[in-house]
Every structure is written in C-alpha cells, then in structure tokens.
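Have a look at start03.pdb; it's PDB, C-alpha atoms, pLDDT in the B column:
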ATOM      1  CA  MET A  29      12.861   8.731 -21.722  1.00 58.00           C
ATOM      2  CA  THR A  30      15.438  11.181 -20.392  1.00 78.00           C
ATOM      3  CA  ASP A  31      13.252  14.253 -21.032  1.00 82.00           C
ATOM      4  CA  GLN A  32      10.272  12.534 -19.381  1.00 82.00           C
ATOM      5  CA  ALA A  33      12.438  11.544 -16.410  1.00 79.00           C
ATOM      6  CA  ARG A  34      13.743  15.099 -16.040  1.00 81.00           C
ATOM      7  CA  GLN A  35      10.184  16.471 -16.123  1.00 84.00           C
ATOM      8  CA  TYR A  36       9.015  13.930 -13.525  1.00 81.00           C
ATOM      9  CA  ILE A  37      11.931  14.809 -11.247  1.00 78.00           C
ATOM     10  CA  LEU A  38      11.197  18.536 -11.577  1.00 80.00           C
ATOM     11  CA  GLU A  39       7.536  17.961 -10.698  1.00 83.00           C
ATOM     12  CA  LEU A  40       8.414  15.664  -7.803  1.00 76.00           C
ATOM     13  CA  PHE A  41      10.877  18.103  -6.288  1.00 75.00           C
ATOM     14  CA  ALA A  42       8.204  20.792  -6.355  1.00 76.00           C
ATOM     15  CA  ILE A  43       6.580  18.714  -3.573  1.00 74.00           C
ATOM     16  CA  VAL A  44       9.619  17.253  -1.830  1.00 75.00           C
ATOM     17  CA  SER A  45      13.224  18.374  -1.713  1.00 78.00           C
ATOM     18  CA  THR A  46      16.710  16.947  -1.588  1.00 82.00           C
ATOM     19  CA  ASP A  47      17.043  17.714   2.115  1.00 88.00           C
ATOM     20  CA  SER A  48      14.343  15.339   3.386  1.00 86.00           C
ATOM     21  CA  ILE A  49      12.478  12.107   2.801  1.00 85.00           C
ATOM     22  CA  LEU A  50       8.915  11.035   3.590  1.00 84.00           C
ATOM     23  CA  ILE A  51       8.528   7.737   5.459  1.00 87.00           C
ATOM     24  CA  ILE A  52       5.821   5.763   7.192  1.00 88.00           C
ATOM     25  CA  ASP A  53       6.929   5.304  10.799  1.00 86.00           C
ATOM     26  CA  ARG A  54       6.360   2.216  12.940  1.00 87.00           C
ATOM     27  CA  LYS A  55       3.006   3.595  14.110  1.00 92.00           C
ATOM     28  CA  GLY A  56       1.813   3.983  10.522  1.00 92.00           C
ATOM     29  CA  HIS A  57       2.117   7.775  10.480  1.00 92.00           C
ATOM     30  CA  LEU A  58       3.577   9.779   7.619  1.00 89.00           C
ATOM     31  CA  LYS A  59       6.759  11.458   8.816  1.00 89.00           C
ATOM     32  CA  ARG A  60       9.326  13.736   7.178  1.00 88.00           C
ATOM     33  CA  LEU A  61      12.974  13.024   8.032  1.00 90.00           C
ATOM     34  CA  ARG A  62      15.245  15.976   7.398  1.00 92.00           C
ATOM     35  CA  CYS A  63      18.878  15.560   6.469  1.00 93.00           C
ATOM     36  CA  PRO A  64      21.123  14.628   8.006  1.00 96.00           C
ATOM     37  CA  PHE A  65      19.462  11.419   9.184  1.00 95.00           C
ATOM     38  CA  THR A  66      20.963   8.071  10.068  1.00 96.00           C
ATOM     39  CA  VAL A  67      20.786   4.875   8.030  1.00 97.00           C
ATOM     40  CA  VAL A  68      22.326   1.455   8.631  1.00 98.00           C
ATOM     41  CA  CYS A  69      23.991  -0.423   5.788  1.00 97.00           C
ATOM     42  CA  LYS A  70      22.331  -3.707   4.711  1.00 96.00           C
ATOM     43  CA  ILE A  71      25.037  -4.781   2.225  1.00 94.00           C
ATOM     44  CA  GLU A  72      28.817  -4.883   1.996  1.00 92.00           C
ATOM     45  CA  THR A  73      30.498  -2.885  -0.788  1.00 88.00           C
ATOM     46  CA  ALA A  74      33.937  -1.431  -1.403  1.00 87.00           C
ATOM     47  CA  ASN A  75      32.906   1.776   0.401  1.00 92.00           C
ATOM     48  CA  LEU A  76      30.235   0.557   2.845  1.00 95.00           C
ATOM     49  CA  VAL A  77      30.436  -1.801   5.801  1.00 96.00           C
ATOM     50  CA  PHE A  78      27.471  -4.050   6.613  1.00 97.00           C
ATOM     51  CA  GLY A  79      25.783  -2.963   9.847  1.00 96.00           C
ATOM     52  CA  ASP A  80      27.562   0.379  10.122  1.00 97.00           C
ATOM     53  CA  PRO A  81      25.584   3.609  10.517  1.00 97.00           C
ATOM     54  CA  TYR A  82      25.914   6.433   7.984  1.00 97.00           C
ATOM     55  CA  LEU A  83      24.599  10.002   7.810  1.00 97.00           C
ATOM     56  CA  VAL A  84      22.558  10.946   4.743  1.00 96.00           C
ATOM     57  CA  SER A  85      23.306  14.503   3.649  1.00 96.00           C
ATOM     58  CA  ALA A  86      20.850  14.593   0.713  1.00 95.00           C
ATOM     59  CA  VAL A  87      18.257  12.528  -1.148  1.00 92.00           C
ATOM     60  CA  LYS A  88      18.412  12.561  -4.947  1.00 90.00           C
ATOM     61  CA  MET A  89      17.040  10.671  -7.949  1.00 84.00           C
ATOM     62  CA  THR A  90      18.854   9.284 -10.979  1.00 85.00           C
ATOM     63  CA  LEU A  91      17.583   9.790 -14.519  1.00 80.00           C
ATOM     64  CA  ARG A  92      16.455   6.155 -14.316  1.00 85.00           C
ATOM     65  CA  LEU A  93      14.138   7.341 -11.502  1.00 82.00           C
ATOM     66  CA  GLU A  94      16.022   5.462  -8.782  1.00 89.00           C
ATOM     67  CA  HIS A  95      16.294   7.161  -5.403  1.00 89.00           C
ATOM     68  CA  VAL A  96      19.766   7.529  -3.954  1.00 94.00           C
ATOM     69  CA  PHE A  97      21.162   8.742  -0.656  1.00 96.00           C
ATOM     70  CA  ILE A  98      24.172  11.061  -0.716  1.00 96.00           C
ATOM     71  CA  ILE A  99      26.647   9.928   1.942  1.00 96.00           C
ATOM     72  CA  ASP A 100      30.118  11.452   2.195  1.00 95.00           C
ATOM     73  CA  GLY A 101      29.652  12.998  -1.254  1.00 95.00           C
ATOM     74  CA  ARG A 102      28.794   9.694  -2.959  1.00 95.00           C
ATOM     75  CA  ALA A 103      25.438   8.414  -4.228  1.00 95.00           C
ATOM     76  CA  TYR A 104      24.155   5.030  -3.022  1.00 96.00           C
ATOM     77  CA  PHE A 105      20.868   3.323  -3.838  1.00 95.00           C
ATOM     78  CA  ILE A 106      18.418   3.650  -0.976  1.00 94.00           C
ATOM     79  CA  TRP A 107      17.787  -0.101  -0.862  1.00 94.00           C
ATOM     80  CA  TYR A 108      21.349  -0.533   0.482  1.00 96.00           C
ATOM     81  CA  PHE A 109      20.123   0.880   3.814  1.00 97.00           C
ATOM     82  CA  THR A 110      17.606   0.704   6.624  1.00 94.00           C
ATOM     83  CA  ILE A 111      16.438   4.068   7.963  1.00 92.00           C
ATOM     84  CA  VAL A 112      16.896   4.633  11.687  1.00 88.00           C
ATOM     85  CA  ASP A 113      13.945   6.717  12.922  1.00 69.00           C
TER      86      ASP A 113
END
Can the structure from this file be put into structure tokens for me?
Amino acid sequence: MTDQARQYILELFAIVSTDSILIIDRKGHLKRLRCPFTVVCKIETANLVFGDPYLVSAVKMTLRLEHVFIIDGRAYFIWYFTIVD
C-alpha cells in the first residue's frame, strides 16, 4: 500500500501543491486558497484551543492518504478545523 500511496500523492501533487487547497465556497464556486490561510479549531487538543484561529502554512498528505494542515511546524488532520474564507 505504501508504494501505491506514494504514487497517488505524486500524481495528485502534479495538479495541486502544498501551498494551496481547493475548496467550494459558500456560493458553490471552486476556489483556490493559497497559504497562509486561516482556519478555526473545532476540537481541543494539547496543542490546539477550541475556537481559536490558526494560520496554515502548508497542506500535506500522510501515507495513509489523510490530508493534514501544517500549523506552526506541526501536522494536524484537516477535520480538526473549519476554513475561514
């Protein structure tokens, strides 16, 4: 699975990059957000405070094909956050 995941990630990042994310905005339009962009935390963890805003410096993917946001040099799953657009 690791080799397949690596290949998928390589192919995906030929289309997108680690410095942006594609979203559907509130009007239903496809929009590219470039880093840094702001997110708001939806959960409480040791390093994150619920409701606080954070700046995403990069968007990456784990070998398990899970998207993560890089915030202050640490990787967090994207589902921990709401994107502020």
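Across the structure, atom CA of Glu39 of chain A and atom CA of Leu91 of chain A are spaced 13.5 Å apart.
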Point to revise | atom CA of Lys55 of chain A to atom CA of Val112 of chain A, straight-line distance in Å | key: 14.1 Å
Exercise for review: Go through A:Cys69, A:Ser48, A:Leu58, A:Pro64 and flag the residue nearest Thr110 of chain A, using all atoms listed in the file for the distances.
Suggested key: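 Residue with the minimum atom-to-atom distance to Thr110 of chain A: A:Cys69.
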Review point. For the point (21.7, 9.1, -4.1) in file coordinates, what residues are within 10 Å, counting all atoms listed in the file? Give the answer as a PyMOL selection string?
Key: chain A and resi 46+84-90+94-99+101-106
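Every residue that the PyMOL selection byres ((chain A and resi 79) around 8) selects in this file is listed here: Val68, Cys69, Lys70, Ile71, Val77, Phe78, Asp80 and Pro81 of chain A.
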Check your understanding: Which residue, A:Thr30, A:Leu40, A:Phe109, A:Asp47, has the smallest gap to Arg62 of chain A when you use only C-alpha atoms?
Key -> A:Asp47
Review point. Just how far from atom CA of Leu83 of chain A is atom CA of Ile52 of chain A, in Å to one decimal?
Key: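 Between atom CA of Ile52 of chain A and atom CA of Leu83 of chain A the gap is 19.3 Å.
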Exercise for review: Would you mind telling me which residue in A:Lys59, A:Ile111, A:Leu93, A:Ala74 lies nearest to Gln35 of chain A when using only C-alpha atoms?
Suggested key: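 Going through A:Lys59, A:Ile111, A:Leu93, A:Ala74 one by one, the smallest distance to Gln35 of chain A is for A:Leu93.
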Practice item. Choose the residue, out of A:Leu38, A:Asp31, A:Ser45, A:Glu72, that has the smallest atom-to-atom separation from Arg60 of chain A; count all atoms listed in the file. Key: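 That would be A:Ser45, the residue with the smallest distance to Arg60 of chain A.
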Practice item. Compare A:Tyr82, A:Trp107, A:Asp100, A:Val44 by their minimum atom-to-atom distance to Val67 of chain A, counting all atoms listed in the file, and give me the closest one. Key: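 Smallest distance to Val67 of chain A is found for A:Tyr82.
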Kindly output segment 93-113 of chain A as a PDB file, in the coordinates of the input, after building N, CA and C atoms.
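Final output, saved to selection-v7.pdb:
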ATOM      1  N   LEU A  93      15.161   7.196 -12.542  1.00 82.00           N
ATOM      2  CA  LEU A  93      14.138   7.341 -11.502  1.00 82.00           C
ATOM      3  C   LEU A  93      14.380   6.406 -10.313  1.00 82.00           C
ATOM      4  N   GLU A  94      15.638   6.244  -9.952  1.00 89.00           N
ATOM      5  CA  GLU A  94      16.022   5.462  -8.782  1.00 89.00           C
ATOM      6  C   GLU A  94      16.479   6.425  -7.694  1.00 89.00           C
ATOM      7  N   HIS A  95      15.907   6.300  -6.512  1.00 89.00           N
ATOM      8  CA  HIS A  95      16.294   7.161  -5.403  1.00 89.00           C
ATOM      9  C   HIS A  95      17.658   6.758  -4.868  1.00 89.00           C
ATOM     10  N   VAL A  96      18.445   7.763  -4.535  1.00 94.00           N
ATOM     11  CA  VAL A  96      19.766   7.529  -3.954  1.00 94.00           C
ATOM     12  C   VAL A  96      19.953   8.436  -2.743  1.00 94.00           C
ATOM     13  N   PHE A  97      20.745   7.942  -1.794  1.00 96.00           N
ATOM     14  CA  PHE A  97      21.162   8.742  -0.656  1.00 96.00           C
ATOM     15  C   PHE A  97      22.569   9.253  -0.945  1.00 96.00           C
ATOM     16  N   ILE A  98      22.834  10.502  -0.596  1.00 96.00           N
ATOM     17  CA  ILE A  98      24.172  11.061  -0.716  1.00 96.00           C
ATOM     18  C   ILE A  98      24.825  10.943   0.661  1.00 96.00           C
ATOM     19  N   ILE A  99      25.910  10.187   0.706  1.00 96.00           N
ATOM     20  CA  ILE A  99      26.647   9.928   1.942  1.00 96.00           C
ATOM     21  C   ILE A  99      28.120  10.197   1.646  1.00 96.00           C
ATOM     22  N   ASP A 100      28.705  11.089   2.408  1.00 95.00           N
ATOM     23  CA  ASP A 100      30.118  11.452   2.195  1.00 95.00           C
ATOM     24  C   ASP A 100      30.404  11.821   0.742  1.00 95.00           C
ATOM     25  N   GLY A 101      29.460  12.515   0.106  1.00 95.00           N
ATOM     26  CA  GLY A 101      29.652  12.998  -1.254  1.00 95.00           C
ATOM     27  C   GLY A 101      29.432  11.967  -2.347  1.00 95.00           C
ATOM     28  N   ARG A 102      29.028  10.753  -1.971  1.00 95.00           N
ATOM     29  CA  ARG A 102      28.794   9.694  -2.959  1.00 95.00           C
ATOM     30  C   ARG A 102      27.329   9.284  -2.944  1.00 95.00           C
ATOM     31  N   ALA A 103      26.832   8.848  -4.102  1.00 95.00           N
ATOM     32  CA  ALA A 103      25.438   8.414  -4.228  1.00 95.00           C
ATOM     33  C   ALA A 103      25.354   6.898  -4.077  1.00 95.00           C
ATOM     34  N   TYR A 104      24.405   6.458  -3.229  1.00 96.00           N
ATOM     35  CA  TYR A 104      24.155   5.030  -3.022  1.00 96.00           C
ATOM     36  C   TYR A 104      22.657   4.775  -3.128  1.00 96.00           C
ATOM     37  N   PHE A 105      22.281   3.663  -3.747  1.00 95.00           N
ATOM     38  CA  PHE A 105      20.868   3.323  -3.838  1.00 95.00           C
ATOM     39  C   PHE A 105      20.268   3.190  -2.445  1.00 95.00           C
ATOM     40  N   ILE A 106      19.031   3.650  -2.305  1.00 94.00           N
ATOM     41  CA  ILE A 106      18.418   3.650  -0.976  1.00 94.00           C
ATOM     42  C   ILE A 106      18.184   2.246  -0.444  1.00 94.00           C
ATOM     43  N   TRP A 107      18.057   1.256  -1.337  1.00 94.00           N
ATOM     44  CA  TRP A 107      17.787  -0.101  -0.862  1.00 94.00           C
ATOM     45  C   TRP A 107      19.027  -0.740  -0.223  1.00 94.00           C
ATOM     46  N   TYR A 108      20.166  -0.055  -0.225  1.00 96.00           N
ATOM     47  CA  TYR A 108      21.349  -0.533   0.482  1.00 96.00           C
ATOM     48  C   TYR A 108      21.219  -0.326   1.994  1.00 96.00           C
ATOM     49  N   PHE A 109      20.182   0.404   2.433  1.00 97.00           N
ATOM     50  CA  PHE A 109      20.123   0.880   3.814  1.00 97.00           C
ATOM     51  C   PHE A 109      18.768   0.644   4.474  1.00 97.00           C
ATOM     52  N   THR A 110      18.809   0.636   5.794  1.00 94.00           N
ATOM     53  CA  THR A 110      17.606   0.704   6.624  1.00 94.00           C
ATOM     54  C   THR A 110      17.642   2.062   7.316  1.00 94.00           C
ATOM     55  N   ILE A 111      16.514   2.757   7.318  1.00 92.00           N
ATOM     56  CA  ILE A 111      16.438   4.068   7.963  1.00 92.00           C
ATOM     57  C   ILE A 111      16.259   3.891   9.457  1.00 92.00           C
ATOM     58  N   VAL A 112      17.021   4.642  10.235  1.00 88.00           N
ATOM     59  CA  VAL A 112      16.896   4.633  11.687  1.00 88.00           C
ATOM     60  C   VAL A 112      16.044   5.846  12.037  1.00 88.00           C
ATOM     61  N   ASP A 113      14.828   5.571  12.585  1.00 69.00           N
ATOM     62  CA  ASP A 113      13.945   6.717  12.922  1.00 69.00           C
ATOM     63  C   ASP A 113      13.691   6.833  14.388  1.00 69.00           C
TER      64      ASP A 113
END
